[in-house]
Amino acid sequence: MSDWLIYRGAGAPHDGIEHLPPPPPWRDFDGGPLVAPPAALDPSSERRLGVQRREASHHRPGETERELVNAALYLRRPLLVTGAPGSGKSTLAHSVAYELGLGRVLGWPVVSRSTLRDGLYDYDAIGRLQDLQIARAIPATPAAAESGTPAGAEPADEPGGGIGRYIRLGPLGTALLPSARPRVLLVDELDKSDIDLPNDLLNVLEEGEFRIPELERLSGSAPEVEVLSDDGAQVTVRDGRVRCRAFPFIVLTSNGERDFPAPLLRRCIHLHIPVPDKERLAAMVRAHFGEGADGRYEAVIDRFLDREPGDVRAVDQLFNAIHLTQKAGWTDEDEEETRRRLTAELMRPLDRTR
C-alpha cells in the first residue's frame with residue numbers, strides 16, 4: 001500500500017491523521033481559541049458500521065475511492081460522493097472517522113426546506129424574549145433591591161447579557177470550530193435541497209468561517225461569548241466569528257437527482273461510488289449478520305443482483321430480506337415458497353410501483 005495514504009480503508013483505527021502534511025497555503029486557516037476534542041463515535045456510527053463495527057473491518061474501498069478520500073484530506077476540500085441509494089456513500093464518512101480516530105460524526109440531513117443558517121447556527125430569539133418577560137414578572141429579591149438591580153434584568157455577570165444560552169451551533173457550524181484535528185461532517189442528500197443552498201455553501205466552504213450577527217453586534221462589550229455546539233458542549237466564540245483551524249473532512253452525498261453548479265463542483269473532490277458488486281455485498285452482509293452469512297444467504301444476494309438494466313435497488317432492501325429470512329426460520333417447502341415470494345417483494349426495484 002502506498003505510503004502517502006492517510007486513510008487506508010483498512011477498517012482498523014490508527015494514528016495516520018498525525019502524519020497528515022500541512023495544508024496548501026491557500027487552505028491554511030488560523031481560527032482560535034482551540035476547542036476540546038469531540039466525543040468518540042456515537043450509536044449512529046456504530047449502526048452504520050455494523051454490529052460490533054464489523055463493517056469497518058470488512059469495508060474495503062477500492063483504489064480510486066481511497067485515493068480521492070486522501071486527496072480531500074490533503075487538499076482540505078469537501079468530498080462530493082455520488083452513487084445509487086445504498087451504495088455506501090454515507091458510511092464512508094463514518095468509516096473515515098472510525099479509522100482516523102476523529103470522533104463523533106456531525107450529521108446534517110438535508111431536506112427541501114434546509115437553509116445555510118440551519119447548518120450554521122440557531123438563535124432562539126423567541127425563547128430569550130419569553131425568559132426575559134417571565135423574569136420581569138418576578139419580584140426583585142431583597143438583595144437585588146438593595147443593589148438597585150431591577151427585577152427581571154438580564155444577568156450582568158454573563159457576556160452579552162446571557163445571549164449565548166440561546167445560540168446553538170448547527171452541524172456545519174460545529175465542524176468549523178477551531179480544533180486541532182479535522183471534524184467529520186456528513187451533509188446527506190444535498191441534491192434534495194432548495195436550488196439556492198449549494199450556492200449559499202460556496203463562501204463558507206471556501207473561507208472556512210462564518211459570522212454570527214447577533215454576537216458581532218456585542219463584540220465591543222462582549223468579545224467572547226460561550227454558546228452551545230451541536231455536540232452539546234460549551235464553546236467560546238470570539239468577536240462573533242467562527243473560523244476553523246483544521247478544515248473539516250466534509251462528505252456531501254448525492255443520489256444524482258439534480259446537477260450542482262460549477263462553482264461548487266470546482267471546490268469539491270468528486271467521487272462516484274458504483275453499484276456494489278457481489279464481493280462488496282458479501283462483505284456488507286458479513287458485517288451485519290456475522291461470519292459465513294454471505295454463504296448462507298448467497299441465493300438472496302444473487303437475487304438482489306439479478307435485475308434488469310436500469311433497475312434501482314438499495315442495499316437496505318437486501319438487509320431487510322436477509323433479516324426476515326434469518327428471524328422467520330423458514331425451513332420446509334411451503335415456507336420456502338413464502339421466503340421466495342417475500343424476498344421478491346422486499347427487493348422490488350425502487351423505480352417500479354407494480
# chains A, B, ... in the order shown; residues from 1 in each chain; ligands from 1
call {"tool": "residues_around", "arguments": {"residues": "Asp231 (chain A)", "least_positions_apart": "5", "cutoff": "12 Å", "atoms": "only C-alpha atoms", "output": "list in words"}}
result
Val35, Ala36, Pro37, Pro38, Ala39, Ala40, Leu41, Asp42, Gly103, Arg104, Val105, Leu106, Gly107, Arg168, Leu169, Gly170, Pro171, Leu172, Gly173, Thr174, Ala175, Leu177 and Arg183 of chain A
call {"tool": "residues_around", "arguments": {"residues": "region 81-89 of chain A", "least_positions_apart": "4", "cutoff": "7 Å", "atoms": "only C-alpha atoms", "output": "short mmCIF file (atom, residue, chain, number, x, y, z; two decimals) with N, CA and C atoms, in the first residue's frame"}}
result
data_model
loop_
_atom_site.label_atom_id
_atom_site.label_comp_id
_atom_site.auth_asym_id
_atom_site.auth_seq_id
_atom_site.Cartn_x
_atom_site.Cartn_y
_atom_site.Cartn_z
N VAL A 251 -18.19 15.35 3.84
CA VAL A 251 -18.72 14.46 2.81
C VAL A 251 -20.10 14.97 2.42
N LEU A 252 -20.23 15.37 1.16
CA LEU A 252 -21.51 15.79 0.61
C LEU A 252 -22.03 14.64 -0.24
N THR A 253 -23.19 14.08 0.10
CA THR A 253 -23.69 12.95 -0.68
C THR A 253 -24.82 13.39 -1.60
N SER A 254 -24.95 12.68 -2.72
CA SER A 254 -25.99 12.97 -3.69
C SER A 254 -26.41 11.68 -4.37
N ASN A 255 -27.72 11.51 -4.53
CA ASN A 255 -28.25 10.36 -5.25
C ASN A 255 -28.42 10.65 -6.75
N GLY A 256 -27.92 11.81 -7.17
CA GLY A 256 -27.97 12.15 -8.58
C GLY A 256 -29.30 12.67 -9.06
N HIS A 270 -14.61 15.05 -6.41
CA HIS A 270 -15.78 14.25 -6.78
C HIS A 270 -15.45 12.77 -6.79
N LEU A 271 -16.22 12.00 -6.04
CA LEU A 271 -16.08 10.54 -6.00
C LEU A 271 -17.42 9.92 -6.36
N HIS A 272 -17.43 9.06 -7.37
CA HIS A 272 -18.64 8.32 -7.72
C HIS A 272 -18.48 6.87 -7.27
N ILE A 273 -19.41 6.40 -6.45
CA ILE A 273 -19.38 5.02 -5.97
C ILE A 273 -20.32 4.19 -6.83
N PRO A 274 -19.80 3.19 -7.53
CA PRO A 274 -20.67 2.37 -8.38
C PRO A 274 -21.57 1.47 -7.56
N VAL A 275 -22.53 0.86 -8.23
CA VAL A 275 -23.41 -0.10 -7.56
C VAL A 275 -22.56 -1.23 -7.00
N PRO A 276 -22.75 -1.63 -5.73
CA PRO A 276 -21.90 -2.67 -5.14
C PRO A 276 -21.97 -3.98 -5.93
N ALA A 314 -31.79 -0.58 -3.35
CA ALA A 314 -30.92 -0.11 -2.27
C ALA A 314 -30.46 -1.30 -1.43
N VAL A 315 -29.25 -1.21 -0.90
CA VAL A 315 -28.70 -2.30 -0.10
C VAL A 315 -29.57 -2.58 1.12
N ASP A 316 -30.25 -1.56 1.63
CA ASP A 316 -31.16 -1.77 2.76
C ASP A 316 -32.19 -2.84 2.45
#
call {"tool": "closest_residue", "arguments": {"among": "A:Ser112, A:Gln133, A:Ser179, A:Thr236", "to": "Lys192 (chain A)", "atoms": "only C-alpha atoms"}}
result
A:Ser112
call {"tool": "residues_around", "arguments": {"residues": "Val242 (chain A)", "least_positions_apart": "3", "cutoff": "7 Å", "atoms": "only C-alpha atoms", "output": "JSON, numbers by chain"}}
result
{"A": [176, 177, 209, 210, 211, 237]}
call {"tool": "write_last_selection", "arguments": {"atoms": "C-alpha atoms", "output": "PDB file, in the first residue's frame"}}
result
ATOM      1  CA  LEU A 176     -15.918  24.825  11.555  1.00  0.00           C
ATOM      2  CA  LEU A 177     -14.953  25.388  15.181  1.00  0.00           C
ATOM      3  CA  GLU A 209     -15.565  30.600   8.553  1.00  0.00           C
ATOM      4  CA  PHE A 210     -18.888  32.304   9.197  1.00  0.00           C
ATOM      5  CA  ARG A 211     -20.219  35.137  11.325  1.00  0.00           C
ATOM      6  CA  VAL A 237     -16.996  32.326  20.056  1.00  0.00           C
TER       7      VAL A 237
END
call {"tool": "residues_around", "arguments": {"residues": "region 263-269 of chain A", "least_positions_apart": "3", "cutoff": "7 Å", "atoms": "only C-alpha atoms", "output": "VMD selection string"}}
result
chain A and resid 68 72 77 to 80 198 to 199 202 260
call {"tool": "closest_residue", "arguments": {"among": "A:Trp108, A:Tyr166, A:Tyr121, A:Phe304", "to": "Ile250 (chain A)", "atoms": "only C-alpha atoms"}}
result
A:Trp108
call {"tool": "closest_residue", "arguments": {"among": "A:Val300, A:Leu281, A:Leu5, A:Leu201", "to": "Leu120 (chain A)", "atoms": "only C-alpha atoms"}}
result
A:Leu201
call {"tool": "closest_residue", "arguments": {"among": "A:Leu324, A:Leu350, A:Val184, A:Ala125", "to": "Phe249 (chain A)", "atoms": "only C-alpha atoms"}}
result
A:Val184
call {"tool": "residues_around", "arguments": {"residues": "Pro349 (chain A)", "least_positions_apart": "2", "cutoff": "8 Å", "atoms": "only C-alpha atoms", "output": "PyMOL selection string"}}
result
chain A and resi 311-313+347+351-352
call {"tool": "select_by_dssp", "arguments": {"residues": "region 140-268 of chain A", "states": "alpha helix (DSSP H)", "output": "ChimeraX atom specification"}}
result
/A:142-147,171-175,197-207,213-216,262-266
call {"tool": "write_last_selection", "arguments": {"atoms": "C-alpha atoms", "output": "compact mmCIF listing (two decimals), in the first residue's frame"}}
result
# COMPACT_ATOMS: atom_id res chain seq x y z
CA PRO A 142 -34.22 41.89 48.74
CA ALA A 143 -30.54 41.66 47.74
CA ALA A 144 -31.31 42.85 44.24
CA ALA A 145 -33.46 45.69 45.57
CA GLU A 146 -30.64 46.87 47.85
CA SER A 147 -28.17 46.85 44.93
CA PRO A 171 -23.53 20.60 12.45
CA LEU A 172 -21.72 22.73 9.85
CA GLY A 173 -21.08 25.48 12.38
CA THR A 174 -19.66 22.96 14.86
CA ALA A 175 -17.45 21.39 12.18
CA LEU A 197 -28.36 26.01 -0.83
CA PRO A 198 -25.44 24.69 -2.96
CA ASN A 199 -24.63 28.28 -3.98
CA ASP A 200 -25.03 29.54 -0.41
CA LEU A 201 -22.44 26.99 0.74
CA LEU A 202 -19.73 28.34 -1.57
CA ASN A 203 -18.36 31.13 0.60
CA VAL A 204 -18.40 29.11 3.82
CA LEU A 205 -16.58 26.18 2.22
CA GLU A 206 -14.03 28.49 0.62
CA GLU A 207 -13.33 30.72 3.61
CA PRO A 213 -24.52 38.79 13.55
CA GLU A 214 -26.22 38.60 16.97
CA LEU A 215 -22.78 38.24 18.60
CA GLU A 216 -20.95 40.60 16.24
CA ALA A 262 -19.96 24.53 -11.47
CA PRO A 263 -18.56 26.77 -8.67
CA LEU A 264 -19.50 24.12 -6.08
CA LEU A 265 -18.03 21.30 -8.17
CA ARG A 266 -14.81 23.31 -8.50
call {"tool": "residues_around", "arguments": {"residues": "Glu99 (chain A)", "least_positions_apart": "5", "cutoff": "9 Å", "atoms": "only C-alpha atoms", "output": "list in words"}}
result
Tyr7, Arg8, Gly9, Ala10, Gly11, Ala12, Pro13, His14, Asp15, Gly16, Ala56 and His94 of chain A
call {"tool": "select_by_dssp", "arguments": {"residues": "region 27-266 of chain A", "states": "strand (DSSP E or B)", "output": "PyMOL selection string"}}
result
chain A and resi 79-83+106-109+121-123+167-169+184-188+209-211+224-228+234-238+241-243+249-254
call {"tool": "atom_distance", "arguments": {"atom1": "CA of Ala321 (chain A)", "atom2": "CA of Pro43 (chain A)"}}
result
23.3 Å
call {"tool": "residues_around", "arguments": {"residues": "region 335-339 of chain A", "least_positions_apart": "5", "cutoff": "10 Å", "atoms": "only C-alpha atoms", "output": "list in words"}}
result
Val300, Ala321, Ile322, Leu324, Thr325, Ala328, Gly329, Trp330, Ala344 and Glu345 of chain A
call {"tool": "closest_residue", "arguments": {"among": "A:Leu190, A:Leu342, A:Val235, A:Val285", "to": "Glu298 (chain A)", "atoms": "only C-alpha atoms"}}
result
A:Val285
